Amino acid sequence: MARTKEFDPDAVLQRAMELFWQRGYEATSMADLVEHLGIGKASIYATFGGKRELYLKAYERYLENGVDFIGALSQPGPALPAVRALVERYARESAQDTLQRGCFVVNTAVELAPHDRTVAQRVEANWNFVEAALASALTRAQAQGELAAERDPRALARFLLTLLQGMRVIGKSSHDPARLRDTAEQALTLLD
């Protein structure tokens, strides 16, 4: 007869995501996970697989709970205000990151993607998704006359993706909100 789980796997996954987000993959040991999650090592393996599998599930959880790019950028009406609001939101949230966690995706890209092909593919898929959402909004803005005809929506989307991810890095390590605010303001002049 199989034993009944004495913990909520969803709540445990949430706690694992928070721990990995704060510490990173390499700095989080299995002993740290056991202590932080409040379940035994065997339960972690039986429920989630090993540490890597748990990390990948935590990564997916982060994406599920993250910014709704499609919703934010596909509202009816003018598209450029939504793009501007997204950039401003990233600057504001990055400046207010008192835990200095940054972005789970960026952290994963820096720590694991260079030597883990599966992780690199997942990070790239996320960046492709964000870039496509931005490009779609910018193309719509151009069609509606909000963005100059000579602007390249795809190139601007790539620039903004890089800007957004970079702001998360700065927010993780800087205590100067003006740096992020000024960066956002300057970047947004490219949309004028």
# chains A, B, ... in the order shown; residues from 1 in each chain; ligands from 1
>>> residues_around(residues="Arg84 in chain A", least_positions_apart="6", cutoff="10 Å", atoms="only C-alpha atoms", output="list of chain:residue names")
A:Leu73, A:Ala184, A:Glu185, A:Ala187, A:Leu188, A:Thr189, A:Leu191
>>> write_last_selection(atoms="N, CA and C atoms", output="tab-separated table (two decimals), in the first residue's frame")
chain	number	residue	atom	x	y	z
A	73	LEU	N	0.67	43.41	-23.43
A	73	LEU	CA	1.02	44.05	-24.71
A	73	LEU	C	-0.04	43.90	-25.79
A	184	ALA	N	15.61	53.59	-18.29
A	184	ALA	CA	14.29	53.41	-18.89
A	184	ALA	C	13.89	54.65	-19.68
A	185	GLU	N	14.10	55.82	-19.09
A	185	GLU	CA	13.74	57.07	-19.79
A	185	GLU	C	14.49	57.21	-21.10
A	187	ALA	N	15.91	54.82	-22.91
A	187	ALA	CA	15.48	53.76	-23.84
A	187	ALA	C	14.16	54.12	-24.49
A	188	LEU	N	13.25	54.68	-23.72
A	188	LEU	CA	11.94	55.00	-24.25
A	188	LEU	C	11.97	56.12	-25.29
A	189	THR	N	13.04	56.92	-25.31
A	189	THR	CA	13.14	57.95	-26.36
A	189	THR	C	13.28	57.32	-27.74
A	191	LEU	N	11.46	55.14	-28.87
A	191	LEU	CA	10.11	54.85	-29.36
A	191	LEU	C	9.39	56.12	-29.84
>>> closest_atom_pairs(of="range 60-131 of chain A", to="range 24-40 of chain A", cutoff="8 Å", atoms="only C-alpha atoms", output="JSON lines")
{"residue": "A:Asn107", "atom": "CA", "partner": "A:Gly24", "partner_atom": "CA", "distance": 7.1}
{"residue": "A:Thr108", "atom": "CA", "partner": "A:Gly24", "partner_atom": "CA", "distance": 7.7}
{"residue": "A:Glu111", "atom": "CA", "partner": "A:Tyr25", "partner_atom": "CA", "distance": 7.6}
{"residue": "A:Leu112", "atom": "CA", "partner": "A:Tyr25", "partner_atom": "CA", "distance": 8.0}
>>> atom_distance(atom1="CA of Glu6 in chain A", atom2="CA of Glu64 in chain A")
25.0 Å
>>> closest_residue(among="A:Glu150, A:Asp116, A:Glu93, A:Glu131", to="Arg181 in chain A", atoms="only C-alpha atoms")
A:Glu93
>>> closest_residue(among="A:Gly66, A:Pro9, A:Gly49, A:Pro177", to="Val105 in chain A", atoms="only C-alpha atoms")
A:Gly66
>>> decode(residues="range 28-46 of chain A", atoms="N, CA and C atoms", output="PDB file, in the first residue's frame")
ATOM      1  N   THR A  28      22.734  26.135  -3.616  1.00  0.00           N
ATOM      2  CA  THR A  28      21.673  25.451  -2.868  1.00  0.00           C
ATOM      3  C   THR A  28      21.980  23.954  -2.849  1.00  0.00           C
ATOM      4  N   SER A  29      22.305  23.462  -1.677  1.00  0.00           N
ATOM      5  CA  SER A  29      22.616  22.033  -1.547  1.00  0.00           C
ATOM      6  C   SER A  29      21.335  21.244  -1.292  1.00  0.00           C
ATOM      7  N   MET A  30      21.442  19.945  -1.418  1.00  0.00           N
ATOM      8  CA  MET A  30      20.305  19.090  -1.100  1.00  0.00           C
ATOM      9  C   MET A  30      19.950  19.236   0.374  1.00  0.00           C
ATOM     10  N   ALA A  31      20.955  19.403   1.230  1.00  0.00           N
ATOM     11  CA  ALA A  31      20.692  19.622   2.662  1.00  0.00           C
ATOM     12  C   ALA A  31      19.917  20.923   2.874  1.00  0.00           C
ATOM     13  N   ASP A  32      20.257  21.961   2.107  1.00  0.00           N
ATOM     14  CA  ASP A  32      19.500  23.226   2.191  1.00  0.00           C
ATOM     15  C   ASP A  32      18.045  23.001   1.806  1.00  0.00           C
ATOM     16  N   LEU A  33      17.838  22.226   0.755  1.00  0.00           N
ATOM     17  CA  LEU A  33      16.476  21.957   0.291  1.00  0.00           C
ATOM     18  C   LEU A  33      15.685  21.193   1.356  1.00  0.00           C
ATOM     19  N   VAL A  34      16.288  20.172   1.923  1.00  0.00           N
ATOM     20  CA  VAL A  34      15.620  19.384   2.955  1.00  0.00           C
ATOM     21  C   VAL A  34      15.215  20.296   4.113  1.00  0.00           C
ATOM     22  N   GLU A  35      16.137  21.143   4.558  1.00  0.00           N
ATOM     23  CA  GLU A  35      15.850  22.041   5.684  1.00  0.00           C
ATOM     24  C   GLU A  35      14.780  23.068   5.325  1.00  0.00           C
ATOM     25  N   HIS A  36      14.916  23.708   4.173  1.00  0.00           N
ATOM     26  CA  HIS A  36      13.999  24.787   3.784  1.00  0.00           C
ATOM     27  C   HIS A  36      12.600  24.259   3.432  1.00  0.00           C
ATOM     28  N   LEU A  37      12.554  23.099   2.810  1.00  0.00           N
ATOM     29  CA  LEU A  37      11.272  22.555   2.363  1.00  0.00           C
ATOM     30  C   LEU A  37      10.550  21.786   3.471  1.00  0.00           C
ATOM     31  N   GLY A  38      11.304  21.351   4.455  1.00  0.00           N
ATOM     32  CA  GLY A  38      10.695  20.641   5.566  1.00  0.00           C
ATOM     33  C   GLY A  38      10.253  19.229   5.231  1.00  0.00           C
ATOM     34  N   ILE A  39      10.864  18.645   4.214  1.00  0.00           N
ATOM     35  CA  ILE A  39      10.569  17.252   3.860  1.00  0.00           C
ATOM     36  C   ILE A  39      11.888  16.509   3.684  1.00  0.00           C
ATOM     37  N   GLY A  40      11.825  15.211   3.727  1.00  0.00           N
ATOM     38  CA  GLY A  40      13.027  14.399   3.612  1.00  0.00           C
ATOM     39  C   GLY A  40      13.569  14.337   2.193  1.00  0.00           C
ATOM     40  N   LYS A  41      14.813  13.981   2.118  1.00  0.00           N
ATOM     41  CA  LYS A  41      15.503  13.839   0.824  1.00  0.00           C
ATOM     42  C   LYS A  41      14.787  12.817  -0.065  1.00  0.00           C
ATOM     43  N   ALA A  42      14.375  11.708   0.522  1.00  0.00           N
ATOM     44  CA  ALA A  42      13.682  10.669  -0.249  1.00  0.00           C
ATOM     45  C   ALA A  42      12.371  11.208  -0.827  1.00  0.00           C
ATOM     46  N   SER A  43      11.682  12.049  -0.073  1.00  0.00           N
ATOM     47  CA  SER A  43      10.430  12.646  -0.562  1.00  0.00           C
ATOM     48  C   SER A  43      10.686  13.600  -1.717  1.00  0.00           C
ATOM     49  N   ILE A  44      11.790  14.330  -1.637  1.00  0.00           N
ATOM     50  CA  ILE A  44      12.145  15.233  -2.738  1.00  0.00           C
ATOM     51  C   ILE A  44      12.385  14.415  -4.001  1.00  0.00           C
ATOM     52  N   TYR A  45      13.200  13.364  -3.878  1.00  0.00           N
ATOM     53  CA  TYR A  45      13.490  12.521  -5.044  1.00  0.00           C
ATOM     54  C   TYR A  45      12.229  11.844  -5.581  1.00  0.00           C
ATOM     55  N   ALA A  46      11.410  11.322  -4.691  1.00  0.00           N
ATOM     56  CA  ALA A  46      10.208  10.606  -5.118  1.00  0.00           C
ATOM     57  C   ALA A  46       9.186  11.529  -5.790  1.00  0.00           C
TER      58      ALA A  46
END
